[in-house]
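Participant: Got a structure for you, questions after.
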Amino acid sequence: MTQTRSRATSLACSLFLLVLAALAVWSVLPPSPRSADAAADEFSAGRAFATVEAVGGEVHPHGTAAAAAVRDTIVADLEELGLDPEVTDGVGMSGRLGDQSRVAATKNVVATIPGTDSTGPVFLVAHYDSAEVSHGANDDGAGVATLLETARALGEGEPLRNDLVLVFTDAEEACLCGAEAFAHADPRAADGGVVVNVEARGSSGPAIMFETSDGNAALVDAYSHVPYPVGSSMAVEVYRILPNDTDFSPFLDDPEGRFTGLNSAYIDGSATYHAPQDTPERMSTASLQHHGANMLALARELGDADAATLATPSADDATYFPLPGGVLARYPGRLVWPLAVAALLAVGALAVAVARRREVRGERTTAGALALGFASALLPLAGAVVGSIALWWVMGLVRPGYDEMLDPWRPWGFRVALLGIVATVWTAWFLGLRRSLGGAALAVGALGWLAVLGVVLAAVTPGGSYLAALPALAGAVAGLLTLRVARGVVGRRVVVTLGAAVGVVLLVPIVLLFFPALGLATGAAPAVVAALLALVLTPVLAVLWPRGRRRALGLVGGCAAVGVVALVVGFVVDPFDAEHPEPTRLAYALDADTGSAHWVSDEGAPSDWTAQFVDTETDLSEPFPMFDGEVHAGDAEAADLPAPVVDVEDAEPAGDARVLTLRVTPGEGAPIGTAGALRYVQLNAAGVESATVAGREVPVGGGALDTRFYAPGDDGFEVTLTVPAGQPLDLRVVAAGGGLEGLPGFVERPTGVGVAGSHTSELVLVGTSVSL
């Protein structure tokens, strides 16, 4: 009878944790899309998708006729909504790429929904240009559609208090220049305000609020009122470390700190990112619905709030995370350290209590066993990292094209395989050492590392400390209760399970979100979070899983079998084919001065298709500075392509210097590529004291000029350089177009081989040196 009750309790506790994990997953999934006949004051993905089809019908990078057509569509749609849109000309400049500055003439579309008694503007931002080879249906047709459908739905309700300024930016993919031009010079941005940016880095998944301005507590509180909040302060901490940018970045870079705000994107299905496959039919309308439903609610929330207060950073950042039931839990950043220290003290108290008891559930526990249990608990964490690296190595070995991807086209088989690896390492560690050290020592050791990591994260990434500190605190309190209060097997198991439930609720969504955020190429991050979840569950394993060698081998073997089967399934369901091609990157570079030409690829290892063009590794950074270090290259036949032209319009002395005013033009018949416009002209020179490009001052660190001007027209652009008097200036000028078709020696890609979503894909370069 007792054994039957014990098994029933174990089963009930296990089912409880599984149901809780399922609810945690459910809490971060996008909602079902609303049809086109949804209520007029609601966001409808069915209605918004018509905009996605209009935006994503053609490749439309900055400066192309296709981009102009998208811009005209936006203007027409805004006018149909009764707004008064304005196409604003500007020149944006970003220096976010090291010493290189990037400049572009931009045409933003801006329209204001006036408030009744505005306390400050709320800027809703999305970009309308695509990457060079991409249709941009998701990135950022989703953002454009979200803003337009939000504006339509707002028009069906009562006017809001604050001005809502819709900003459709240009040249985001090139250089974030449309957003920079707006923040820098548009009078509507002069006094700052609250910014909400909408992005996509994939084709599916939940819309995650992944970035905030500093001092985000008040804004996070506003965001918590949306219907489907998905966000984590850990995601914000991680993104602040990564070298990634969106149109949100120029607002954060404002030297006067005039802007605060939030940034959201859906990020799964990253194989389509910047690639030709980013088409409307690839979009998950559930993800579009998630974006829009949250944006509409947030616009209403911010539109009636005290925008002036929200535009001022709060005293600290909030710690926040999703909970089942559509709840965004949050607490002030000032509680991070007290909670981390409390967790460490609680685990310490549990260790002392266990050591004093000397025996737990028939297993002897000593201080030495506890110390070894703590030291050994590093093994699941280290094993998760090693396992993730090994998995990616195997995937690349079997299918080399994966090396050029962040994630496979259909990644879930491989994701489950990684979880299987983590589970195998964890169960092998616990069951392998249980007999010698005891389950209690291993459980305390697991909680100990969670507590230590909680303190480390509090110091390094405070917004992520909760992931370790709160589960450690809950687990330690549960452990103390089992020693001092809980009676009988059933009571102990229930209490330990409830303690672990806290970690399940907190960590399961982060595992799910980290998989697409960082991809299997950097799978160590989700693997480590999964390993933290395993440490959380270690006390549960200690009280629920019966002893015995056969049972131990069965559990470890079962986890390993899940990993192997999932890996095989991953390979079977994710072959490269016409709809899911192997990504390749190939460029063509012509030195107009020498007449030499090269095929160039910056793939890690050339694919079979690319290898027919490149056969050596060489450094081309001197004639073509956009290639940093060694690249794969091969000789190519010189095409009849004109070099860019530099004309000196003026040269005047200025003390010990001279000021040169230059006109840089692409040259008639320049390699404009299939998109219909030159991508950019790059200028490099040493010995420059100062420089302006199209009227914007650009940095010249150490006297080195390194700048690009995007999408110059036939008339080119003006450059003003201040250089030492009496010294020649050697200027390297490279025009960059796109589209390899028609070049001598080019061989079409076969079925199953595609173009990578990269700024070097299909690149055509023509360079020349000019001495002035």
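Identifiers in this document derive from the order of the structure tokens: chains are assigned A, B, ..., residues are numbered from 1 separately in each chain, and ligands are numbered from 1 in order of occurrence.
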Give me the residues near Thr720 of chain A as a list in words, where near means some atom within 7 Å (using only C-alpha atoms) and where sequence neighbours in that chain fewer than 4 positions away do not count.

Facilitator: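 My list of contacting residues is Val659, Leu660, Thr661, Leu662, Ala691, Thr692 and Val693 of chain A.
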
Participant: I want to know what sits within 9 Å of segment 186-189 of chain A, based on only C-alpha atoms, with residues of the same chain fewer than 6 positions away left out; could you give that as an mmCIF file with N, CA, C and O atoms, in the first residue's frame?

Facilitator:
```cif
data_model
loop_
_atom_site.group_PDB
_atom_site.id
_atom_site.type_symbol
_atom_site.label_atom_id
_atom_site.label_comp_id
_atom_site.auth_asym_id
_atom_site.auth_seq_id
_atom_site.Cartn_x
_atom_site.Cartn_y
_atom_site.Cartn_z
ATOM 1 N N THR A 88 10.073 63.009 -45.729
ATOM 2 C CA THR A 88 11.099 63.950 -45.290
ATOM 3 C C THR A 88 12.460 63.521 -45.827
ATOM 4 O O THR A 88 12.893 62.390 -45.620
ATOM 5 N N GLY A 90 16.483 63.651 -45.774
ATOM 6 C CA GLY A 90 17.519 63.869 -44.773
ATOM 7 C C GLY A 90 18.790 63.158 -45.152
ATOM 8 O O GLY A 90 18.836 62.426 -46.159
ATOM 9 N N PRO A 121 5.522 63.349 -27.306
ATOM 10 C CA PRO A 121 5.267 62.421 -28.407
ATOM 11 C C PRO A 121 5.647 60.981 -28.079
ATOM 12 O O PRO A 121 6.571 60.719 -27.315
ATOM 13 N N PHE A 123 6.727 57.789 -30.368
ATOM 14 C CA PHE A 123 7.152 57.472 -31.724
ATOM 15 C C PHE A 123 7.018 55.967 -31.968
ATOM 16 O O PHE A 123 7.631 55.160 -31.253
ATOM 17 N N VAL A 165 3.394 59.529 -33.233
ATOM 18 C CA VAL A 165 4.109 59.859 -34.456
ATOM 19 C C VAL A 165 4.554 58.555 -35.115
ATOM 20 O O VAL A 165 5.351 57.804 -34.554
ATOM 21 N N ARG A 258 17.594 62.120 -24.976
ATOM 22 C CA ARG A 258 16.228 62.627 -25.089
ATOM 23 C C ARG A 258 15.175 61.530 -25.212
ATOM 24 O O ARG A 258 13.978 61.811 -25.122
ATOM 25 N N PHE A 259 15.614 60.298 -25.470
ATOM 26 C CA PHE A 259 14.644 59.246 -25.799
ATOM 27 C C PHE A 259 14.741 58.079 -24.824
ATOM 28 O O PHE A 259 15.823 57.694 -24.374
#
```

Participant: Go ahead and compute the interatomic distance for atom CA of Ile389 of chain A and atom CA of Ala527 of chain A, in Å to one decimal.

Facilitator: 9.9 Å

Participant: Taking 6 positions as the minimum chain separation for residues in the same chain, which residues sit within 6 Å of Val110 of chain A when counting only C-alpha atoms? Answer as an MDAnalysis selection string.

Facilitator: chainID A and resid 85:86 166:167

Participant: Could you jot down the atom CA of Val19 of chain A to atom CA of Val452 of chain A separation for me, Å, one decimal place?

Facilitator: 28.8 Å

Participant: Using only C-alpha atoms, which of A:Ala275, A:Leu147, A:Ala534, A:Leu15 sits nearest Leu81 of chain A?

Facilitator: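 Of A:Ala275, A:Leu147, A:Ala534, A:Leu15, the one nearest Leu81 of chain A, counting only C-alpha atoms, is A:Leu147.
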
Participant: Which residues are close to segment 369-378 of chain A, i.e. within 6 Å by only C-alpha atoms, leaving aside same-chain residues fewer than 5 positions away? Reply as JSON, numbers by chain.

Facilitator: {"A": [437, 441, 442, 445, 446]}

Participant: Return the single residue from A:Asp608, A:Glu689, A:Asp170, A:Asp163 that is closest to Asp117 of chain A, with distances computed using only C-alpha atoms.

Facilitator: A:Asp163

Participant: List as a PyMOL selection string the protein and nucleic acid residues near Ala367 of chain A, meaning an atom at most 9 Å away when only C-alpha atoms are counted, but skip any in the same chain fewer than 6 places from it.

Facilitator: chain A and resi 351-352+354-356+358+441

Participant: May I have the residues within 10 Å of Met395 of chain A as a list in words, using only C-alpha atoms and disregarding those fewer than 2 positions away in the same chain?

Facilitator: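 Final neighbour list, sorted by chain and number: Ile389, Ala390, Leu391, Trp392, Trp393, Leu397, Val398, Arg399, Pro400, Gly401, Tyr402, Asp403, Pro408, Phe414, Leu520, Ala521, Leu567, Gly570 and Phe571 of chain A.
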
Participant: From the set A:Met295, A:Ala181, A:Ala40, A:Ala711, which residue has the shortest atom-to-atom contact distance to Ser94 of chain A, counting only C-alpha atoms?

Facilitator: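 Of A:Met295, A:Ala181, A:Ala40, A:Ala711, the one nearest Ser94 of chain A, counting only C-alpha atoms, is A:Ala181.
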
Participant: Write out as a list in words the residues lying within 10 Å of Pro462 of chain A, counting only C-alpha atoms and excluding same-chain residues fewer than 3 positions away.

Facilitator: Ser233, Met234, Glu237, Asp317, Ala318, Thr319, Gly333, Arg334, Leu335, Val336, Trp337, Ala340, Gly454, Val455, Val456, Leu457, Ala458, Ala459, Ser465 and Tyr466 of chain A

Participant: For the residues in the current selection, export C-alpha atoms as a PDB file, in the first residue's frame.

Facilitator:
```pdb
ATOM      1  CA  SER A 233      15.237  41.323 -18.329  1.00  0.00           C
ATOM      2  CA  MET A 234      17.840  38.651 -19.123  1.00  0.00           C
ATOM      3  CA  GLU A 237      21.113  42.135 -20.698  1.00  0.00           C
ATOM      4  CA  ASP A 317      15.964  48.810 -14.427  1.00  0.00           C
ATOM      5  CA  ALA A 318      13.243  46.337 -13.557  1.00  0.00           C
ATOM      6  CA  THR A 319      13.719  42.612 -13.330  1.00  0.00           C
ATOM      7  CA  GLY A 333      16.245  46.314  -9.671  1.00  0.00           C
ATOM      8  CA  ARG A 334      17.185  47.280  -6.120  1.00  0.00           C
ATOM      9  CA  LEU A 335      15.939  43.860  -4.980  1.00  0.00           C
ATOM     10  CA  VAL A 336      18.420  41.959  -7.169  1.00  0.00           C
ATOM     11  CA  TRP A 337      21.234  41.862  -4.636  1.00  0.00           C
ATOM     12  CA  ALA A 340      20.806  36.876  -4.597  1.00  0.00           C
ATOM     13  CA  GLY A 454      22.751  34.265  -8.925  1.00  0.00           C
ATOM     14  CA  VAL A 455      25.395  36.385  -7.187  1.00  0.00           C
ATOM     15  CA  VAL A 456      27.694  36.402 -10.233  1.00  0.00           C
ATOM     16  CA  LEU A 457      24.847  37.480 -12.504  1.00  0.00           C
ATOM     17  CA  ALA A 458      23.802  40.163 -10.023  1.00  0.00           C
ATOM     18  CA  ALA A 459      27.265  41.654 -10.443  1.00  0.00           C
ATOM     19  CA  SER A 465      20.178  37.093 -11.728  1.00  0.00           C
ATOM     20  CA  TYR A 466      16.600  35.953 -11.131  1.00  0.00           C
TER      21      TYR A 466
END
```

Participant: Could you please write out, as a PyMOL selection string, every residue of segment 400-503 of chain A that DSSP assigns to alpha helix (DSSP H)?

Facilitator: chain A and resi 412-437+439-460+466-484+488-503

Participant: Can you list, as a ChimeraX atom specification, every residue of segment 105-347 of chain A that DSSP puts in strand (DSSP E)?

Facilitator: /A:105-113,122-127,164-169,193-200,204-212,259-268,318-323,327-332
